[in-house]
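Quick look at run02.cif (mmCIF, C-alpha atoms):
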```
data_entry
#
loop_
_atom_site.label_atom_id
_atom_site.label_comp_id
_atom_site.auth_asym_id
_atom_site.auth_seq_id
_atom_site.Cartn_x
_atom_site.Cartn_y
_atom_site.Cartn_z
CA MET L 1 16.56 -29.47 -34.13
CA VAL L 2 13.87 -28.25 -31.82
CA THR L 3 12.22 -25.07 -33.02
CA GLY L 4 11.53 -22.66 -30.20
CA VAL L 5 8.02 -21.47 -29.51
CA PRO L 6 7.76 -17.90 -30.87
CA PRO L 7 6.34 -15.09 -28.72
CA PHE L 8 2.55 -15.36 -28.76
CA GLU L 9 2.31 -11.93 -30.42
CA ARG L 10 4.11 -13.26 -33.47
CA PHE L 11 2.04 -16.43 -33.57
CA TYR L 12 -1.18 -14.41 -33.33
CA GLU L 13 -0.13 -11.89 -35.99
CA THR L 14 0.92 -14.69 -38.32
CA TYR L 15 -2.32 -16.67 -38.17
CA LYS L 16 -5.11 -14.30 -37.17
CA VAL L 17 -6.23 -13.44 -40.71
CA GLU L 18 -6.28 -17.05 -41.81
CA VAL L 19 -8.10 -18.21 -38.68
CA PHE L 20 -10.66 -15.46 -39.09
CA ALA L 21 -11.29 -16.43 -42.73
CA PHE L 22 -11.51 -20.09 -41.74
CA LEU L 23 -14.08 -19.31 -39.03
CA ARG L 24 -16.15 -17.18 -41.40
CA ARG L 25 -16.26 -20.05 -43.89
CA ARG L 26 -17.14 -22.59 -41.24
CA ALA L 27 -19.44 -20.80 -38.92
CA GLY L 28 -20.66 -17.81 -40.87
CA ARG L 29 -20.11 -14.12 -40.41
CA ASP L 30 -22.11 -13.72 -37.22
CA SER L 31 -20.53 -16.48 -35.20
CA ALA L 32 -17.01 -15.93 -36.49
CA ASP L 33 -16.48 -12.87 -34.30
CA ASP L 34 -17.06 -14.73 -31.03
CA LEU L 35 -15.28 -17.85 -32.20
CA PHE L 36 -12.23 -15.82 -33.16
CA GLN L 37 -11.76 -14.69 -29.58
CA GLU L 38 -12.57 -18.13 -28.20
CA THR L 39 -10.05 -19.80 -30.52
CA PHE L 40 -7.16 -17.53 -29.57
CA LEU L 41 -7.98 -17.57 -25.87
CA ARG L 42 -7.87 -21.39 -25.97
CA ALA L 43 -4.61 -21.25 -27.90
CA LEU L 44 -3.18 -18.82 -25.33
CA ARG L 45 -4.18 -21.11 -22.47
CA ALA L 46 -2.33 -24.05 -24.03
CA TYR L 47 0.55 -22.04 -25.47
CA GLY L 48 2.80 -21.99 -22.41
CA ARG L 49 2.96 -25.77 -22.42
CA LEU L 50 3.92 -26.24 -26.06
CA GLU L 51 7.30 -27.87 -26.30
CA HIS L 52 8.19 -26.75 -29.80
CA GLY L 53 7.04 -24.26 -32.40
CA GLU L 54 6.30 -26.67 -35.24
CA HIS L 55 2.95 -27.14 -36.94
CA LEU L 56 1.48 -24.11 -35.24
CA ARG L 57 -0.75 -23.40 -38.21
CA ALA L 58 -2.35 -26.83 -38.17
CA TRP L 59 -2.51 -26.62 -34.40
CA VAL L 60 -4.47 -23.37 -34.32
CA LEU L 61 -6.78 -24.53 -37.12
CA THR L 62 -7.52 -27.64 -35.06
CA ILE L 63 -8.41 -25.45 -32.11
CA ALA L 64 -10.59 -23.28 -34.36
CA THR L 65 -12.34 -26.37 -35.68
CA ASN L 66 -13.14 -27.50 -32.20
CA ALA L 67 -14.40 -24.09 -31.20
CA VAL L 68 -16.79 -24.31 -34.15
CA ILE L 69 -17.89 -27.79 -33.14
CA ASP L 70 -18.45 -26.70 -29.58
CA ALA L 71 -20.56 -23.85 -30.79
CA GLY L 72 -22.85 -26.51 -32.21
CA ARG L 73 -22.11 -26.10 -35.86
CA ARG L 74 -21.09 -29.48 -37.08
CA GLU L 75 -19.42 -29.68 -40.44
CA ARG L 76 -18.35 -32.57 -42.57
CA PRO L 77 -15.71 -34.28 -40.41
CA SER L 78 -13.51 -35.04 -43.40
CA ALA L 79 -13.01 -31.34 -44.01
CA GLU L 80 -11.91 -30.57 -40.51
CA LEU L 81 -8.21 -30.92 -40.41
CA ASN L 82 -6.91 -30.87 -43.93
CA ASP L 83 -8.96 -28.58 -46.07
CA ASP L 84 -6.19 -26.08 -46.46
CA PRO L 85 -5.08 -25.91 -50.07
CA ALA L 86 -2.28 -23.57 -49.07
CA GLY L 87 -0.84 -26.07 -46.58
CA GLU L 88 2.62 -26.70 -47.91
CA ASP L 89 4.69 -27.29 -44.79
CA GLU L 90 5.79 -30.84 -44.26
CA ARG L 91 4.00 -32.69 -41.49
CA PRO L 92 3.97 -36.38 -42.23
CA ALA L 93 2.76 -37.58 -38.84
CA PHE L 94 -0.09 -35.15 -38.91
CA GLU L 95 -1.18 -35.87 -42.46
CA GLU L 96 -1.02 -39.59 -42.05
CA LEU L 97 -3.08 -39.40 -38.91
CA ALA L 98 -5.54 -37.02 -40.48
CA ALA L 99 -6.29 -39.62 -43.15
CA LEU L 100 -6.36 -42.52 -40.71
CA THR L 101 -8.68 -40.80 -38.28
CA ASP L 102 -11.08 -39.48 -40.88
CA ASP L 103 -14.03 -41.46 -39.57
CA LEU L 104 -13.64 -40.74 -35.87
CA PRO L 105 -16.02 -38.40 -34.07
CA PRO L 106 -14.55 -34.88 -34.13
CA LYS L 107 -13.43 -34.66 -30.47
CA GLU L 108 -11.74 -38.06 -30.52
CA ARG L 109 -10.12 -37.26 -33.82
CA ALA L 110 -8.73 -33.97 -32.59
CA ALA L 111 -7.43 -35.59 -29.39
CA VAL L 112 -5.73 -38.42 -31.31
CA VAL L 113 -4.17 -36.08 -33.86
CA LEU L 114 -2.91 -33.63 -31.24
CA ARG L 115 -1.54 -36.40 -29.06
CA TYR L 116 0.10 -38.62 -31.65
CA GLY L 117 0.59 -36.23 -34.57
CA TYR L 118 1.89 -33.30 -32.52
CA ASP L 119 3.10 -35.06 -29.44
CA LEU L 120 1.29 -32.67 -27.12
CA ASP L 121 0.61 -33.66 -23.52
CA TYR L 122 -2.96 -34.16 -22.34
CA ASP L 123 -2.97 -31.02 -20.29
CA THR L 124 -2.22 -28.95 -23.38
CA ILE L 125 -4.71 -30.87 -25.51
CA GLY L 126 -7.39 -30.37 -22.87
CA ALA L 127 -6.74 -26.64 -22.89
CA ALA L 128 -6.75 -26.55 -26.69
CA LEU L 129 -10.07 -28.37 -26.84
CA GLY L 130 -11.66 -26.24 -24.18
CA SER L 131 -11.97 -29.15 -21.75
CA ASN L 132 -9.45 -30.66 -19.36
CA GLU L 133 -6.65 -33.17 -19.11
CA GLN L 134 -8.85 -36.10 -18.15
CA ALA L 135 -11.39 -35.49 -20.90
CA ALA L 136 -8.58 -35.21 -23.45
CA ARG L 137 -7.04 -38.46 -22.25
CA GLN L 138 -10.40 -40.22 -22.47
CA ALA L 139 -11.14 -38.85 -25.94
CA ALA L 140 -7.72 -39.95 -27.24
CA SER L 141 -7.99 -43.43 -25.80
CA ALA L 142 -11.56 -43.84 -27.05
CA GLY L 143 -10.33 -42.74 -30.49
CA VAL L 144 -7.48 -45.25 -30.44
CA ARG L 145 -9.82 -48.06 -29.33
CA ARG L 146 -12.20 -47.21 -32.14
CA LEU L 147 -9.36 -47.19 -34.68
CA ARG L 148 -8.19 -50.62 -33.48
CA LYS L 149 -11.68 -52.01 -33.78
CA GLU L 150 -12.04 -50.64 -37.29
CA LYS L 151 -8.74 -52.17 -38.25
CA GLU L 152 -9.78 -55.57 -36.94
CA GLN L 153 -13.01 -55.45 -38.86
CA ARG L 154 -11.26 -54.72 -42.12
CA MET I 155 -8.35 -12.61 -47.20
CA THR I 156 -10.52 -10.34 -45.09
CA PRO I 157 -8.47 -8.51 -42.49
CA VAL I 158 -9.46 -8.99 -38.87
CA PRO I 159 -11.58 -5.96 -37.88
CA THR I 160 -9.72 -3.68 -35.48
CA VAL I 161 -12.49 -3.88 -32.91
CA LEU I 162 -12.20 -7.67 -32.86
CA ASP I 163 -8.44 -7.53 -32.56
CA GLU I 164 -8.66 -5.08 -29.66
CA ARG I 165 -11.35 -7.13 -27.96
CA PHE I 166 -9.21 -10.25 -28.08
CA ARG I 167 -6.18 -8.42 -26.71
CA ALA I 168 -8.20 -6.99 -23.84
CA ALA I 169 -9.71 -10.42 -23.08
CA ALA I 170 -6.24 -11.98 -23.14
CA ALA I 171 -4.98 -9.36 -20.66
CA ALA I 172 -7.95 -10.06 -18.38
CA SER I 173 -7.56 -13.85 -18.64
CA GLY I 174 -4.46 -13.97 -16.44
CA ASP I 175 -2.86 -16.32 -18.97
CA LEU I 176 -0.17 -13.93 -20.22
CA ASP I 177 3.49 -14.15 -19.21
CA VAL I 178 4.10 -10.58 -20.35
CA ALA I 179 1.68 -7.89 -21.48
CA TYR I 180 3.43 -5.13 -23.38
CA ASP I 181 2.82 -2.00 -25.38
CA VAL I 182 4.91 0.41 -27.38
CA LEU I 183 4.55 4.04 -26.31
CA ASP I 184 5.18 5.80 -29.58
CA ASP I 185 5.39 9.42 -28.63
CA THR I 186 7.50 9.92 -25.52
CA PRO I 187 10.10 12.72 -25.43
CA VAL I 188 12.85 10.07 -25.57
CA GLY I 189 11.35 8.26 -28.56
CA PRO I 190 9.33 5.03 -28.70
CA LEU I 191 9.46 2.94 -25.53
CA LEU I 192 8.53 -0.70 -25.24
CA VAL I 193 7.06 -1.35 -21.79
CA GLY I 194 6.13 -4.76 -20.39
CA VAL I 195 4.48 -6.06 -17.24
CA SER I 196 4.35 -9.58 -15.86
CA GLU I 197 2.02 -10.84 -13.18
CA ARG I 198 4.49 -9.52 -10.60
CA GLY I 199 5.01 -6.07 -11.98
CA LEU I 200 6.95 -4.01 -14.48
CA CYS I 201 9.52 -6.21 -16.18
CA ARG I 202 10.77 -4.16 -19.14
CA VAL I 203 11.37 -0.69 -20.42
CA GLY I 204 13.16 -0.82 -23.75
CA PHE I 205 14.53 1.76 -26.17
CA ASP I 206 15.09 -1.08 -28.62
CA PRO I 207 14.10 0.06 -32.08
CA GLU I 208 13.58 -3.59 -33.02
CA PRO I 209 10.67 -4.84 -30.96
CA GLU I 210 10.99 -8.29 -32.54
CA ALA I 211 14.30 -8.92 -30.78
CA GLU I 212 12.88 -7.53 -27.55
CA LEU I 213 9.88 -9.88 -27.74
CA GLU I 214 12.18 -12.85 -28.22
CA ARG I 215 14.12 -11.83 -25.12
CA LEU I 216 10.96 -11.41 -23.08
CA ALA I 217 9.73 -14.83 -24.21
CA ARG I 218 13.03 -16.41 -23.20
CA GLU I 219 13.10 -14.74 -19.81
CA PHE I 220 9.44 -14.86 -18.75
CA GLY I 221 7.67 -17.38 -21.01
CA PRO I 222 6.30 -17.32 -24.57
CA ARG I 223 2.88 -15.86 -23.84
CA VAL I 224 3.91 -12.31 -24.73
CA LEU I 225 1.19 -10.14 -26.24
CA ARG I 226 0.67 -6.47 -27.01
CA THR I 227 -2.18 -5.46 -24.74
CA PRO I 228 -2.35 -1.67 -24.28
CA SER I 229 -5.05 -1.89 -21.59
CA ALA I 230 -2.70 -3.74 -19.22
CA LEU I 231 -0.17 -0.90 -19.37
CA ASP I 232 -2.44 1.98 -18.37
CA ARG I 233 -0.78 2.59 -15.05
CA VAL I 234 2.77 2.38 -16.39
CA ARG I 235 1.84 4.74 -19.21
CA ARG I 236 0.33 7.23 -16.76
CA GLU I 237 3.32 7.23 -14.42
CA LEU I 238 5.76 7.67 -17.29
CA ASP I 239 3.66 10.51 -18.73
CA GLU I 240 3.71 12.24 -15.36
CA TYR I 241 7.47 11.75 -15.09
CA PHE I 242 8.10 13.20 -18.55
CA ASP I 243 5.86 16.14 -17.66
CA GLY I 244 7.96 16.80 -14.58
CA ARG I 245 5.02 15.98 -12.31
CA ARG I 246 6.45 12.76 -10.87
CA GLN I 247 9.79 12.18 -9.17
CA ALA I 248 9.43 8.54 -8.09
CA PHE I 249 7.60 5.58 -9.56
CA ASP I 250 5.06 3.60 -7.55
CA LEU I 251 5.29 0.47 -9.68
CA GLU I 252 5.95 -3.07 -8.51
CA LEU I 253 9.07 -4.38 -10.26
CA ASP I 254 9.67 -7.93 -11.48
CA LEU I 255 13.39 -8.68 -11.39
CA SER I 256 12.92 -12.45 -11.31
CA ALA I 257 14.83 -12.88 -14.58
CA THR I 258 17.75 -10.74 -13.40
CA PRO I 259 20.89 -12.36 -11.92
CA GLU I 260 21.58 -11.90 -8.22
CA PHE I 261 24.54 -9.50 -8.46
CA HIS I 262 22.59 -7.34 -10.93
CA ARG I 263 19.63 -7.26 -8.57
CA ARG I 264 21.78 -6.06 -5.67
CA VAL I 265 23.26 -3.29 -7.77
CA LEU I 266 19.86 -2.29 -9.15
CA ALA I 267 18.43 -2.18 -5.62
CA GLU I 268 21.12 0.35 -4.65
CA LEU I 269 20.57 2.25 -7.87
CA ASN I 270 16.89 2.51 -7.03
CA ARG I 271 17.78 4.60 -3.95
CA VAL I 272 19.45 7.31 -5.99
CA GLU I 273 16.94 10.11 -5.89
CA TYR I 274 15.48 12.26 -8.61
CA GLY I 275 17.81 15.06 -9.65
CA HIS I 276 20.86 13.46 -8.00
CA THR I 277 23.70 11.51 -9.53
CA THR I 278 26.09 8.87 -8.27
CA THR I 279 29.11 7.09 -9.73
CA TYR I 280 29.85 3.53 -10.80
CA GLY I 281 32.48 3.30 -8.08
CA THR I 282 30.07 4.45 -5.37
CA LEU I 283 27.51 1.83 -6.34
CA ALA I 284 30.26 -0.79 -6.37
CA LYS I 285 31.19 0.15 -2.80
CA LEU I 286 27.57 0.09 -1.68
CA VAL I 287 27.13 -3.54 -2.80
CA GLY I 288 30.36 -4.49 -1.04
CA ALA I 289 32.43 -4.92 -4.19
CA PRO I 290 34.58 -1.76 -4.27
CA ARG I 291 36.71 -2.96 -7.17
CA ALA I 292 33.74 -3.84 -9.35
CA ALA I 293 33.02 -0.42 -10.92
CA ARG I 294 33.36 -1.94 -14.36
CA ALA I 295 30.93 -4.77 -13.50
CA VAL I 296 28.51 -2.12 -12.24
CA GLY I 297 28.80 -0.48 -15.66
CA THR I 298 27.74 -3.77 -17.23
CA VAL I 299 24.75 -3.99 -14.90
CA MET I 300 23.70 -0.47 -15.95
CA ASN I 301 24.11 -1.41 -19.59
CA ARG I 302 21.80 -4.41 -19.16
CA ASN I 303 19.29 -2.62 -16.95
CA PRO I 304 15.95 -4.26 -17.86
CA MET I 305 13.96 -1.11 -17.08
CA PRO I 306 15.87 2.11 -17.71
CA ILE I 307 14.23 5.40 -16.63
CA VAL I 308 12.26 3.60 -13.89
CA LEU I 309 15.46 2.11 -12.48
CA PRO I 310 17.43 5.32 -12.96
CA CYS I 311 20.73 4.23 -14.50
CA HIS I 312 20.85 7.64 -16.21
CA ARG I 313 21.77 9.00 -12.77
CA VAL I 314 25.08 7.13 -12.76
CA VAL I 315 28.06 9.07 -14.11
CA GLY I 316 31.84 8.70 -14.23
CA ALA I 317 34.06 9.61 -11.26
CA ASN I 318 35.03 12.85 -13.03
CA GLY I 319 31.41 13.78 -13.62
CA SER I 320 31.39 12.86 -17.31
CA LEU I 321 28.27 11.16 -18.64
CA THR I 322 30.30 8.10 -19.76
CA GLY I 323 27.71 5.90 -21.47
CA TYR I 324 24.06 4.92 -21.65
CA GLY I 325 22.31 1.87 -23.10
CA GLY I 326 19.81 4.18 -24.77
CA GLY I 327 22.44 6.58 -26.10
CA LEU I 328 24.04 9.63 -24.48
CA ASP I 329 21.48 12.05 -25.94
CA ARG I 330 18.75 10.40 -23.94
CA LYS I 331 20.85 10.33 -20.77
CA GLU I 332 21.52 14.02 -21.10
CA TRP I 333 17.85 14.77 -21.77
CA LEU I 334 16.74 12.82 -18.67
CA LEU I 335 19.31 14.49 -16.42
CA ARG I 336 18.26 17.92 -17.70
CA LEU I 337 14.60 17.07 -17.10
CA GLU I 338 15.49 16.27 -13.50
CA GLY I 339 17.57 19.42 -13.12
CA ALA I 340 20.73 17.44 -12.48
CA LEU I 341 22.44 19.12 -15.42
CA LEU I 342 22.39 22.81 -15.97
#
```
Give the structure from the file, written as structure tokens.
Amino acid sequence: MVTGVPPFERFYETYKVEVFAFLRRRAGRDSADDLFQETFLRALRAYGRLEHGEHLRAWVLTIATNAVIDAGRRERPSAELNDDPAGEDERPAFEELAALTDDLPPKERAAVVLRYGYDLDYDTIGAALGSNEQAARQAASAGVRRLRKEKEQR
Amino acid sequence: MTPVPTVLDERFRAAAAASGDLDVAYDVLDDTPVGPLLVGVSERGLCRVGFDPEPEAELERLAREFGPRVLRTPSALDRVRRELDEYFDGRRQAFDLELDLSATPEFHRRVLAELNRVEYGHTTTYGTLAKLVGAPRAARAVGTVMNRNPMPIVLPCHRVVGANGSLTGYGGGLDRKEWLLRLEGALL
């Protein structure tokens, strides 16, 4: 069954506290304020093109992560997508991909996870990453190429 | 977890309203003489006035009709709020708001267009409206249109009464209909 996309108000009210806490941990108190607005504006831009309302929590945390990265505060890549101890909802595609893509550069990793784990189109991914469709497409395909190469070398 | 500071929350909502990315910007006016009112605007104009005491259900409807990017953004409703305040104060008899009826079916739109000509302080009947849209036997259908009016007060369905002058019904309850008609001096 396809879950409908909830009104943005409900999405925002559901995740704003968690996103804010996440940003404070990642980027520090001072930057968190600006990144909070940036994260939800990016989410809003992409929101109208979401095709279902699943995995919204992981989705918005991915956007937050990228906002942090763009602000020039790189963190350990392995902590980017799955450092949420409270994450209990089932998302096999996402989790599997998160593990597989652990070593990719952050942008490529986000693009691959959003494309193949969440089945978002490139337009939406571009908006979520604060870039555009073409950049998202390139990042995803670069990520996939890199994964293939790694697999061959194993 | 630390709550999001109010100033940050308000700043985001204002930025979202200014971004042009919203399908519907809404607010709840808590203290009008007819109780709380949910008011919403789309890019094209006013798209909702609701007496609904359950805003959750109203938000779902707005998302279905106009798109999911529905957010409470008080700053986007300043003009609507001002015009309604003036109306409730008896200082305004007609609204100067653009209306978005894009989610309203064709027959409803025709009826609502006729309804919109009924002036302040006057009343009409379901049957009269039916005749005006060229469907003289459709008084009952006109009643349904009034009942589903997406923006009561602004589109004045309170000015429609039964053929015998009785108030008949009102989506927001008869008390409100009576109050509005008294405000306009249509009931003594």
- Task: For Ala127 (chain L), work out the shell of residues within 10 Å, counting all atoms listed in the file and skipping chain neighbours fewer than 4 positions away, then give it as a VMD selection string.
- Result: chain L and resid 41 to 47 49 63 122 to 123 131 to 133 136
I'd like the residues picked by the PyMOL selection byres ((chain L and resi 56) around 10) written out as a compact mmCIF listing (two decimals) with C-alpha atoms, in the coordinates of the input, using the chain letters and numbers from the file.
```txt
# COMPACT_ATOMS: atom_id res chain seq x y z
CA VAL L 5 8.02 -21.47 -29.51
CA PRO L 6 7.76 -17.90 -30.87
CA PHE L 11 2.04 -16.43 -33.57
CA THR L 14 0.92 -14.69 -38.32
CA TYR L 15 -2.32 -16.67 -38.17
CA ALA L 43 -4.61 -21.25 -27.90
CA LEU L 50 3.92 -26.24 -26.06
CA HIS L 52 8.19 -26.75 -29.80
CA GLY L 53 7.04 -24.26 -32.40
CA GLU L 54 6.30 -26.67 -35.24
CA HIS L 55 2.95 -27.14 -36.94
CA ARG L 57 -0.75 -23.40 -38.21
CA ALA L 58 -2.35 -26.83 -38.17
CA TRP L 59 -2.51 -26.62 -34.40
CA VAL L 60 -4.47 -23.37 -34.32
CA LEU L 61 -6.78 -24.53 -37.12
CA THR L 62 -7.52 -27.64 -35.06
CA TYR L 118 1.89 -33.30 -32.52
```
- Residue nearest chain L among I:Ala217, I:Ala230, I:Leu269, I:Ala211 (counting all atoms listed in the file):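 Among the listed residues, I:Ala217 lies closest to chain L.
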- Message: Measuring between all atoms listed in the file, which one of I:Pro306, I:Pro222, I:Gly297, I:Gly339 shows the shortest distance to Thr322 (chain I)?
- Response: I:Gly297
Would you write out, as a tab-separated table, a table of all residues in chain L that have an atom no more than 6 Å from an atom of chain I, listing for each the closest atom pair and the distance in Å to one decimal, considering only C-alpha atoms and ordering rows by chain and rising residue number?
```
residue	atom	partner	partner_atom	distance
L:Pro7	CA	I:Pro222	CA	4.7
L:Phe8	CA	I:Arg223	CA	5.0
L:Glu9	CA	I:Leu225	CA	4.7
L:Val17	CA	I:Pro157	CA	5.7
L:Gln37	CA	I:Phe166	CA	5.3
```
- Task: Please provide the set of residues having any atom within 12 Å of Ala292 (chain I), restricted to all atoms listed in the file, with same-chain residues fewer than 3 positions apart removed, written as a PyMOL selection string.
- Result: chain I and resi 261-262+265+279-289+295-299
- Between CA of Leu23 (chain L) and CA of Thr101 (chain L), measure the distance and give it in Å to one decimal.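 Rounded to one decimal, the two atoms are 22.2 Å apart.
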Centre and edge lengths, as AutoDock Vina command-line options, for the axis-aligned box enclosing every listed atom of region 282-287 of chain I with 6 Å of padding on each of the six sides, in Å to one decimal?
```
--center_x 29.2 --center_y 0.5 --center_z -4.0 --size_x 16.1 --size_y 20.0 --size_z 16.7
```
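A straight line drawn from CA of Val113 (chain L) to CA of Gln138 (chain L) is 13.6 Å long.
Across the model, the gap from CA of Arg245 (chain I) to CA of His276 (chain I) is 16.6 Å.
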- Message: So that I can see what lies close to Thr39 (chain L), please list as a list in words the residues with an atom at most 9 Å from it, counting all atoms listed in the file and leaving out residues fewer than 6 positions away in the same chain.
- Response: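 Within the cut-off, the hits are Val19, Val60, Leu61, Ile63, Ala64, Thr65, Asn66, Ala67, Val68 and Ala128 of chain L.
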- Task: Determine, counting all atoms listed in the file, every residue of protein, DNA or RNA that lies within 8 Å of (0.8, -0.9, -17.6) in the file coordinates, then give the result as JSON, numbers by chain.
- Result: {"I": [180, 193, 194, 195, 200, 228, 229, 230, 231, 232, 233, 234, 235]}
- Query: Given the choices I:Arg294, I:His312, I:Leu253, I:Glu208, which gets closest to Ala267 (chain I) if the distance is worked out from all atoms listed in the file?
  - Reply: I:Leu253
- Closest of I:Gly204, I:Pro209, I:Pro190, I:Pro304 to Asp254 (chain I) - atom-to-atom distances counting all atoms listed in the file: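 Ranking I:Gly204, I:Pro209, I:Pro190, I:Pro304 by distance to Asp254 (chain I), first place goes to I:Pro304.
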- Nearest to Arg264 (chain I): which of I:Met300, I:Asp181, I:Phe220, I:Leu238 is it, counting all atoms listed in the file?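 Ranking I:Met300, I:Asp181, I:Phe220, I:Leu238 by distance to Arg264 (chain I), first place goes to I:Met300.
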- Task: Counting all atoms listed in the file, figure out which residue out of I:Arg302, I:Leu309, I:Ser320, I:Ser196 gets nearest to Ala171 (chain I).
- Result: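 Under the stated criterion, the closest residue is I:Ser196.
Run against this file, the PyMOL selection byres ((chain L and resi 102-107) around 7) gives back Pro77, Ser78, Ala98, Ala99, Leu100, Thr101, Glu108, Arg109, Ala110, Ala111, Ala139 and Gly143 of chain L.
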- Message: Once the PyMOL selection byres ((chain I and resi 327) around 12) has been evaluated on this model, what residues remain selected, and can you format them as a list in words?
- Response: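 Applied to this file, the PyMOL selection byres ((chain I and resi 327) around 12) returns Val188, Gly189, Phe205, Asp206, Asn301, Pro306, Cys311, His312, Leu321, Thr322, Gly323, Tyr324, Gly325, Gly326, Leu328, Asp329, Arg330, Lys331, Glu332, Trp333 and Leu334 of chain I.
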